[in-house]
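A.B. asks: File follows, work-v9.csv with CSV, C-alpha atoms:
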chain,number,residue,atom,x,y,z
A,27,MET,CA,41.8,-6.4,60.3
A,28,ASN,CA,39.3,-9.3,60.3
A,29,CYS,CA,36.9,-10.5,57.5
A,30,ASP,CA,34.1,-8.3,58.7
A,31,GLY,CA,36.4,-5.2,58.6
A,32,VAL,CA,37.3,-6.1,55.0
A,33,ILE,CA,33.7,-6.2,54.0
A,34,ARG,CA,32.9,-2.9,55.6
A,35,GLU,CA,35.9,-1.2,53.9
A,36,ILE,CA,35.6,-3.0,50.6
A,37,SER,CA,34.0,0.0,48.8
A,38,ASN,CA,36.5,2.5,50.1
A,39,TYR,CA,39.3,0.1,49.2
A,40,LEU,CA,38.0,-0.4,45.6
A,41,ASP,CA,37.6,3.4,45.2
A,42,GLY,CA,41.1,4.1,46.5
A,43,GLU,CA,39.8,6.1,49.4
A,44,LEU,CA,41.4,4.2,52.3
A,45,ALA,CA,44.2,5.8,54.4
A,46,ALA,CA,47.5,4.2,53.7
A,47,ALA,CA,47.7,2.4,57.1
A,48,ILE,CA,44.3,0.9,56.8
A,49,ARG,CA,44.9,-0.1,53.2
A,50,ALA,CA,48.1,-1.9,54.3
A,51,GLU,CA,46.1,-3.7,57.0
A,52,LEU,CA,43.4,-4.8,54.6
A,53,GLU,CA,45.9,-6.0,52.0
A,54,ALA,CA,47.8,-7.9,54.7
A,55,HIS,CA,44.5,-9.7,55.6
A,56,LEU,CA,43.9,-10.4,51.9
A,57,GLU,CA,47.2,-12.1,51.5
A,58,GLU,CA,46.2,-14.6,54.2
A,59,CYS,CA,42.4,-14.9,53.5
A,60,GLU,CA,41.4,-16.4,50.2
A,61,GLY,CA,37.7,-15.9,50.9
A,62,CYS,CA,38.1,-12.1,51.3
A,63,MET,CA,40.4,-12.0,48.3
A,64,ILE,CA,37.6,-13.7,46.2
A,65,VAL,CA,34.9,-11.3,47.5
A,66,VAL,CA,37.1,-8.3,46.7
A,67,ARG,CA,37.8,-9.6,43.2
A,68,GLN,CA,34.1,-10.5,42.6
A,69,THR,CA,32.9,-7.1,43.9
A,70,ARG,CA,35.3,-5.2,41.6
A,71,TYR,CA,34.2,-7.4,38.8
A,72,THR,CA,30.5,-6.8,39.6
A,73,ILE,CA,31.1,-3.0,39.2
A,74,GLU,CA,32.9,-3.5,36.0
A,75,ILE,CA,30.3,-5.7,34.4
A,76,PHE,CA,27.4,-3.3,35.2
A,77,CYS,CA,29.4,-0.4,34.0
A,78,ASN,CA,30.6,-2.0,30.8
A,79,GLU,CA,28.0,-4.5,29.8
A,80,GLN,CA,24.6,-3.3,30.8
A,81,SER,CA,22.5,-2.6,27.8
A,82,ILE,CA,19.3,-0.7,27.5
A,83,GLU,CA,17.6,0.0,24.2
A,84,LEU,CA,16.4,3.4,23.2
A,85,PRO,CA,13.3,2.5,21.2
A,86,THR,CA,12.8,4.3,17.9
A,87,GLU,CA,9.4,5.6,18.9
A,88,VAL,CA,10.7,7.1,22.1
A,89,ARG,CA,13.5,8.9,20.3
A,90,THR,CA,11.0,10.2,17.7
A,91,ARG,CA,8.7,11.6,20.4
A,92,LEU,CA,11.7,13.2,22.1
A,93,HIS,CA,12.8,15.0,18.9
A,94,GLU,CA,9.3,16.0,18.1
A,95,ALA,CA,8.9,17.6,21.5
A,96,LEU,CA,12.2,19.3,21.2
A,97,ARG,CA,11.3,20.7,17.8
A,98,ARG,CA,8.1,22.2,19.3
A,99,LYS,CA,10.1,23.6,22.2
A,100,ILE,CA,12.6,25.2,19.9
A,101,ARG,CA,9.8,26.8,17.8
A,102,ASN,CA,8.0,28.0,20.9
A,103,PRO,CA,10.6,28.5,23.6
A,104,GLY,CA,8.1,30.0,26.1
A,105,THR,CA,6.0,26.8,26.3
B,7,MET,CA,16.0,18.1,13.9
B,8,GLY,CA,16.6,14.6,12.5
B,9,THR,CA,13.4,13.2,11.0
B,10,SER,CA,14.9,10.3,9.2
B,11,VAL,CA,14.1,6.7,10.2
B,12,HIS,CA,16.1,5.7,13.2
B,13,CYS,CA,17.0,2.2,14.2
B,14,VAL,CA,16.7,1.0,17.7
B,15,THR,CA,20.0,1.8,19.4
B,16,VAL,CA,21.6,-0.4,21.9
B,17,ILE,CA,23.3,1.5,24.7
B,18,SER,CA,26.4,-0.1,26.1
B,19,GLY,CA,29.6,1.4,27.2
B,20,CYS,CA,31.4,-1.8,26.4
B,21,GLY,CA,33.3,-2.9,23.5
B,22,ASP,CA,35.5,-5.9,24.2
B,23,SER,CA,35.7,-7.3,27.7
B,24,SER,CA,37.5,-5.4,30.4
B,25,PHE,CA,37.4,-8.5,32.5
B,26,ILE,CA,40.3,-8.9,34.9
B,27,ALA,CA,40.8,-12.7,35.1
B,28,LEU,CA,39.0,-14.0,38.1
B,29,GLY,CA,41.8,-16.4,38.7
B,30,ALA,CA,44.4,-13.6,38.8
B,31,SER,CA,47.2,-13.8,41.3
B,32,LEU,CA,47.0,-11.9,44.5
B,33,ASN,CA,49.6,-9.4,43.3
B,34,THR,CA,47.6,-8.7,40.1
B,35,ALA,CA,44.4,-8.3,42.0
B,36,LEU,CA,46.0,-5.9,44.5
B,37,SER,CA,47.7,-3.8,41.8
B,38,THR,CA,44.5,-3.4,39.9
B,39,SER,CA,42.2,-2.8,42.8
B,40,ARG,CA,40.3,0.1,41.3
B,41,PRO,CA,37.4,-1.1,39.0
B,42,HIS,CA,38.3,-0.7,35.4
B,43,ARG,CA,35.7,1.2,33.4
B,44,LEU,CA,35.9,1.3,29.6
B,45,PRO,CA,36.4,4.9,28.4
B,46,SER,CA,33.2,6.7,27.3
B,47,THR,CA,32.7,6.9,23.6
B,48,VAL,CA,30.6,10.0,23.7
B,49,VAL,CA,33.1,12.5,25.0
B,50,ARG,CA,34.3,14.6,22.1
B,51,GLU,CA,36.6,17.5,21.8
B,52,ASP,CA,34.1,19.6,20.0
B,53,GLU,CA,31.6,19.6,22.9
B,54,PRO,CA,32.5,23.1,24.2
B,55,VAL,CA,32.1,24.5,20.7
B,56,LEU,CA,28.7,22.8,20.4
B,57,VAL,CA,27.6,24.1,23.8
B,58,ALA,CA,28.7,27.6,23.0
B,59,ALA,CA,26.8,27.5,19.7
B,60,ALA,CA,23.7,26.1,21.4
B,61,LYS,CA,23.9,28.8,24.1
B,62,ALA,CA,24.0,31.4,21.3
B,63,GLY,CA,20.8,30.0,19.9
B,64,ASP,CA,22.0,27.4,17.3
B,65,ALA,CA,19.2,24.8,17.5
B,66,ALA,CA,21.2,22.4,15.3
B,67,ALA,CA,24.1,22.4,17.8
B,68,PHE,CA,21.7,21.6,20.6
B,69,GLU,CA,20.2,18.8,18.5
B,70,GLU,CA,23.7,17.4,18.1
B,71,LEU,CA,24.2,17.4,21.8
B,72,VAL,CA,20.8,15.6,22.2
B,73,ASN,CA,21.8,13.0,19.6
B,74,ARG,CA,25.0,12.3,21.5
B,75,TYR,CA,23.5,11.8,24.9
B,76,GLU,CA,19.9,10.7,24.5
B,77,ARG,CA,20.8,7.0,24.7
B,78,LYS,CA,22.9,7.5,27.9
B,79,ILE,CA,20.3,9.7,29.5
B,80,PHE,CA,17.6,7.1,28.7
B,81,ARG,CA,19.7,4.4,30.3
B,82,LEU,CA,20.1,6.6,33.4
B,83,THR,CA,16.4,7.4,33.7
B,84,MET,CA,15.4,3.7,33.1
B,85,ASN,CA,18.0,2.6,35.6
B,86,ILE,CA,16.6,4.9,38.3
B,87,THR,CA,12.9,4.6,37.6
B,88,ARG,CA,12.7,1.0,36.2
B,89,ASN,CA,9.6,2.1,34.5
B,90,HIS,CA,9.4,2.8,30.8
B,91,GLU,CA,6.9,5.6,30.8
B,92,ASP,CA,8.6,7.4,33.7
B,93,ALA,CA,12.0,7.0,32.0
B,94,GLU,CA,10.7,8.5,28.8
B,95,ASP,CA,9.0,11.4,30.5
B,96,ALA,CA,12.1,12.1,32.7
B,97,MET,CA,14.4,12.0,29.7
B,98,GLN,CA,12.1,14.3,27.7
B,99,ASP,CA,11.7,16.8,30.5
B,100,ALA,CA,15.5,16.7,31.2
B,101,PHE,CA,16.3,17.8,27.7
B,102,MET,CA,13.5,20.4,27.7
B,103,LYS,CA,14.9,21.9,31.0
B,104,ALA,CA,18.5,21.7,29.6
B,105,TYR,CA,17.3,23.7,26.6
B,106,SER,CA,15.5,26.3,28.7
B,107,HIS,CA,18.3,26.8,31.1
B,108,LEU,CA,21.2,26.4,28.8
B,109,ARG,CA,22.3,30.0,29.1
B,110,GLY,CA,22.6,29.4,32.9
B,111,PHE,CA,25.1,26.5,32.4
B,112,GLN,CA,28.3,27.9,33.7
B,113,GLU,CA,30.6,25.4,32.0
B,114,ASP,CA,32.5,24.6,35.2
B,115,SER,CA,31.6,21.0,34.6
B,116,ARG,CA,31.1,18.9,31.5
B,117,PHE,CA,27.8,19.5,29.7
B,118,TYR,CA,27.0,15.8,30.1
B,119,THR,CA,27.5,15.9,33.9
B,120,TRP,CA,25.2,18.9,34.1
B,121,LEU,CA,22.6,17.0,32.0
B,122,VAL,CA,23.0,13.9,34.2
B,123,ARG,CA,22.2,16.0,37.3
B,124,ILE,CA,19.0,17.4,35.6
B,125,ALA,CA,17.9,13.9,34.4
B,126,ALA,CA,18.6,12.2,37.7
B,127,ASN,CA,16.5,14.8,39.5
B,128,GLU,CA,13.6,14.3,37.0
B,129,ALA,CA,13.9,10.5,37.4
B,130,LEU,CA,14.0,10.6,41.2
B,131,MET,CA,11.0,12.9,41.3
B,132,ARG,CA,9.0,10.3,39.4
B,133,LEU,CA,10.4,7.4,41.4
B,134,ARG,CA,9.4,9.0,44.6
B,135,LYS,CA,6.0,9.8,43.3
B,136,ARG,CA,5.4,6.3,42.1
B,137,ARG,CA,6.9,4.6,45.2
B,138,PRO,CA,6.6,7.0,48.1
B,139,ASN,CA,7.1,4.3,50.6
B,140,GLN,CA,10.1,2.7,48.9
B,141,PHE,CA,12.4,5.6,48.9
B,142,SER,CA,13.8,7.2,52.0
B,143,LEU,CA,16.3,9.8,53.0
B,144,ASP,CA,17.1,7.7,56.1
B,145,GLU,CA,19.8,5.1,56.6
B,146,PRO,CA,18.8,1.5,56.0
B,147,VAL,CA,17.7,-0.2,59.2
B,148,GLU,CA,19.3,-3.5,58.4
B,149,GLY,CA,22.3,-4.4,60.5
B,150,GLU,CA,25.8,-5.1,59.3
B,151,ASP,CA,25.4,-8.9,59.4
B,152,ASP,CA,23.5,-9.1,56.1
B,153,LEU,CA,26.5,-7.6,54.3
B,154,ILE,CA,28.8,-10.5,55.2
B,155,PRO,CA,29.0,-13.0,52.3
B,156,ARG,CA,28.5,-16.6,53.2
B,157,GLU,CA,29.8,-19.7,51.4
B,158,ILE,CA,32.3,-17.9,49.3
B,159,GLU,CA,33.3,-19.7,46.1
B,160,ASP,CA,35.4,-18.6,43.1
B,161,TRP,CA,33.3,-18.1,40.0
B,162,GLY,CA,35.7,-19.8,37.6
B,163,PRO,CA,35.1,-18.6,34.0
B,164,SER,CA,33.7,-15.1,33.8
B,165,PRO,CA,30.0,-14.4,33.1
B,166,GLU,CA,30.9,-13.2,29.7
B,167,GLN,CA,32.6,-16.5,29.0
B,168,ARG,CA,29.7,-18.5,30.5
B,169,TYR,CA,26.6,-16.7,29.2
B,170,ALA,CA,25.6,-15.5,25.7
B,171,GLN,CA,25.5,-11.7,25.5
B,172,SER,CA,21.7,-11.5,25.4
B,173,GLU,CA,21.4,-13.8,28.4
B,174,LEU,CA,24.0,-11.8,30.3
B,175,HIS,CA,22.1,-8.6,29.6
B,176,GLY,CA,19.0,-10.2,31.0
B,177,ILE,CA,20.8,-11.3,34.1
B,178,LEU,CA,22.2,-7.8,34.7
B,179,ASP,CA,18.8,-6.2,34.1
B,180,GLN,CA,17.1,-8.5,36.5
B,181,ALA,CA,19.7,-8.0,39.2
B,182,ILE,CA,19.5,-4.2,39.1
B,183,ASP,CA,15.7,-4.4,38.9
B,184,GLN,CA,15.6,-6.3,42.2
B,185,LEU,CA,17.8,-3.9,44.0
B,186,ASP,CA,16.1,-1.6,46.5
B,187,PRO,CA,15.6,1.8,44.8
B,188,ASP,CA,17.7,3.6,47.5
B,189,PHE,CA,20.7,1.4,46.8
B,190,ARG,CA,20.1,1.3,43.0
B,191,THR,CA,20.0,5.1,42.6
B,192,VAL,CA,23.3,5.5,44.4
B,193,PHE,CA,24.9,2.7,42.5
B,194,VAL,CA,23.7,4.1,39.1
B,195,LEU,CA,25.0,7.6,39.9
B,196,ARG,CA,28.3,6.6,41.4
B,197,ASP,CA,29.3,3.5,39.5
B,198,ILE,CA,27.6,3.8,36.1
B,199,GLU,CA,27.5,7.6,35.7
B,200,GLU,CA,30.7,8.0,37.6
B,201,LEU,CA,29.5,11.0,39.6
B,202,SER,CA,31.4,11.9,42.7
B,203,THR,CA,30.2,10.9,46.2
B,204,GLU,CA,29.5,14.6,46.9
B,205,GLU,CA,27.5,15.1,43.6
B,206,THR,CA,25.5,12.0,44.3
B,207,ALA,CA,24.7,13.1,47.8
B,208,ALA,CA,23.5,16.5,46.5
B,209,ILE,CA,21.3,15.0,43.9
B,210,VAL,CA,19.7,12.3,46.1
B,211,GLY,CA,19.5,14.7,49.1
B,212,ILE,CA,21.4,12.5,51.6
B,213,SER,CA,24.7,12.9,53.4
B,214,VAL,CA,28.1,11.7,52.0
B,215,PRO,CA,28.4,8.9,54.6
B,216,ALA,CA,24.9,7.8,53.6
B,217,VAL,CA,26.0,7.6,49.9
B,218,LYS,CA,29.0,5.5,51.0
B,219,SER,CA,26.8,3.2,53.1
B,220,ARG,CA,24.3,2.7,50.3
B,221,LEU,CA,27.0,2.2,47.7
B,222,LEU,CA,28.6,-0.5,49.8
B,223,ARG,CA,25.3,-2.3,50.2
B,224,ALA,CA,24.4,-2.0,46.5
B,225,ARG,CA,27.7,-3.4,45.4
B,226,LEU,CA,27.6,-6.3,47.8
B,227,LYS,CA,24.0,-7.1,47.0
B,228,LEU,CA,24.7,-7.1,43.3
B,229,ARG,CA,27.7,-9.3,43.8
B,230,GLN,CA,25.5,-11.6,45.8
B,231,LYS,CA,22.9,-11.7,43.0
B,232,LEU,CA,25.5,-12.5,40.3
B,233,ASP,CA,26.9,-15.1,42.7
B,234,ARG,CA,23.6,-17.0,42.6
B,235,TYR,CA,23.7,-17.0,38.8
B,236,MET,CA,27.3,-18.1,38.7
B,237,ARG,CA,26.6,-21.0,41.1
B,238,ASP,CA,23.6,-22.1,39.0
B,239,ARG,CA,25.7,-22.3,35.9
B,240,LYS,CA,28.8,-23.8,37.5
B,241,PRO,CA,30.7,-25.9,35.0
B,242,ASN,CA,31.0,-29.6,35.9
Would you put the structure from the file into structure tokens?
C.D. replies:
Amino acid sequence: MNCDGVIREISNYLDGELAAAIRAELEAHLEECEGCMIVVRQTRYTIEIFCNEQSIELPTEVRTRLHEALRRKIRNPGT
Amino acid sequence: MGTSVHCVTVISGCGDSSFIALGASLNTALSTSRPHRLPSTVVREDEPVLVAAAKAGDAAAFEELVNRYERKIFRLTMNITRNHEDAEDAMQDAFMKAYSHLRGFQEDSRFYTWLVRIAANEALMRLRKRRPNQFSLDEPVEGEDDLIPREIEDWGPSPEQRYAQSELHGILDQAIDQLDPDFRTVFVLRDIEELSTEETAAIVGISVPAVKSRLLRARLKLRQKLDRYMRDRKPN
């Protein structure tokens, strides 16, 4: 496998969805190619940081409006 | 329903860092190839009891479910629409529909997963309405060449070590905001909400190979965006 092949399979590799033979080929390439090793590591890290660190606020007024609407819905389920 | 004063709540799945050292050895990197996600803090054992009570008409039980998931659902609708008004409307309509259709919920999946499907559909509907020309069911026309990273450099210290938390949140927000809606939606559903490829395909209305293709592009583009920040703030 060459560098382009690693990039095309990087998602499947990180998700553990590669067939054993292709995975072995890819890992053999990584052992010899520092650039691809770095890209694999950085891509995995990118997923982790978005999953674990992304922060979005739920503003108080948005939450209040949600609960008011739900209360109306519960009182009048047909609406 | 809770009517007390509520503080602004920050949504984040993170506690301490799950960062795998960027300078890790090859063996370490290979043995931990699957991205590590911090466990969700909202899954609780009493969820089936609450769902059963809510289905039987217990409004307080439904309210408790809303309390648990409102922040995550708002994060989801914001991530897909990237528009505050649309995100609020999508979240509100998602909970309304969940309440109306609760008796039809078969409990063959988690309540939260069912809710995510409803909310994602609501958000996508609004995104498509607002940006009809920016959302497609077709494959991207770009070739493969744009995916290949150039000038690869190790990042050194992790972003968490290099940036203050608020600065880091701003960077992540900007990076995801700049992502094409097609790619962003798939990334959000697969990597942030952890839906399966098949579930994501069904929600977005595209094929499984298209989900995989968009996810690959989304991940590489986000890596590229983070790479720019990391190079800008390279320690001397």
A.B. asks: Check every residue of chain A for an atom within 6 Å of chain B, counting all atoms listed in the file, and provide those that qualify as a list of chain:residue names.
C.D. replies: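 Putting it all together, I get A:Ser37, A:Leu40, A:Asp41, A:Gly61, A:Thr69, A:Arg70, A:Thr72, A:Glu74, A:Cys77, A:Asn78, A:Glu79, A:Gln80, A:Ser81, A:Ile82, A:Glu83, A:Leu84, A:Pro85, A:Thr86, A:Leu92.
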A.B. asks: CA of Ile86 (chain B) and CA of Thr191 (chain B) are how many Å apart?
C.D. replies: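 We find that CA of Ile86 (chain B) and CA of Thr191 (chain B) lie 5.5 Å from each other.
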A.B. asks: Take CA of Val65 (chain A) and CA of Ile212 (chain B) and report the distance between them in Å, one decimal.
C.D. replies: 27.7 Å
A.B. asks: In Å, how far is it from CA of Ile73 (chain A) to CA of Gln184 (chain B)?
C.D. replies: 16.1 Å
A.B. asks: So which residues touch region 43-47 of chain A within 12 Å, counting only C-alpha atoms, skipping near sequence neighbours fewer than 4 positions away, as a ChimeraX atom specification?
C.D. replies: /A:27,32,34-39,51-54 /B:39-40,203,218
A.B. asks: Would you output that residue set with C-alpha atoms, as a PDB file, in the coordinates of the input?
C.D. replies:
ATOM      1  CA  MET A  27      41.800  -6.400  60.300  1.00  0.00           C
ATOM      2  CA  VAL A  32      37.300  -6.100  55.000  1.00  0.00           C
ATOM      3  CA  ARG A  34      32.900  -2.900  55.600  1.00  0.00           C
ATOM      4  CA  GLU A  35      35.900  -1.200  53.900  1.00  0.00           C
ATOM      5  CA  ILE A  36      35.600  -3.000  50.600  1.00  0.00           C
ATOM      6  CA  SER A  37      34.000   0.000  48.800  1.00  0.00           C
ATOM      7  CA  ASN A  38      36.500   2.500  50.100  1.00  0.00           C
ATOM      8  CA  TYR A  39      39.300   0.100  49.200  1.00  0.00           C
ATOM      9  CA  GLU A  51      46.100  -3.700  57.000  1.00  0.00           C
ATOM     10  CA  LEU A  52      43.400  -4.800  54.600  1.00  0.00           C
ATOM     11  CA  GLU A  53      45.900  -6.000  52.000  1.00  0.00           C
ATOM     12  CA  ALA A  54      47.800  -7.900  54.700  1.00  0.00           C
TER      13      ALA A  54
ATOM     14  CA  SER B  39      42.200  -2.800  42.800  1.00  0.00           C
ATOM     15  CA  ARG B  40      40.300   0.100  41.300  1.00  0.00           C
ATOM     16  CA  THR B 203      30.200  10.900  46.200  1.00  0.00           C
ATOM     17  CA  LYS B 218      29.000   5.500  51.000  1.00  0.00           C
TER      18      LYS B 218
END
A.B. asks: I'd like the contact shell of Glu53 (chain B) - 12 Å cut-off, only C-alpha atoms, skipping same-chain residues fewer than 3 positions apart - returned as a compact mmCIF listing (two decimals) with C-alpha atoms, in the frame of the given file.
C.D. replies:
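Output file around10.txt is given in full below:
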# COMPACT_ATOMS: atom_id res chain seq x y z
CA VAL B 48 30.60 10.00 23.70
CA VAL B 49 33.10 12.50 25.00
CA ARG B 50 34.30 14.60 22.10
CA LEU B 56 28.70 22.80 20.40
CA VAL B 57 27.60 24.10 23.80
CA ALA B 58 28.70 27.60 23.00
CA ALA B 59 26.80 27.50 19.70
CA ALA B 60 23.70 26.10 21.40
CA ALA B 67 24.10 22.40 17.80
CA PHE B 68 21.70 21.60 20.60
CA GLU B 70 23.70 17.40 18.10
CA LEU B 71 24.20 17.40 21.80
CA VAL B 72 20.80 15.60 22.20
CA ARG B 74 25.00 12.30 21.50
CA TYR B 75 23.50 11.80 24.90
CA GLU B 113 30.60 25.40 32.00
CA SER B 115 31.60 21.00 34.60
CA ARG B 116 31.10 18.90 31.50
CA PHE B 117 27.80 19.50 29.70
CA TYR B 118 27.00 15.80 30.10
A.B. asks: Residues near Glu204 (chain B), anyone? I mean within 12 Å using only C-alpha atoms, not counting same-chain ones fewer than 6 positions away, as a list in words.
C.D. replies: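 Once the nearby chain positions are removed, what remains is Val192, Leu195, Arg196, Val210, Gly211, Ile212, Ser213, Val214, Pro215, Ala216, Val217 and Lys218 of chain B.
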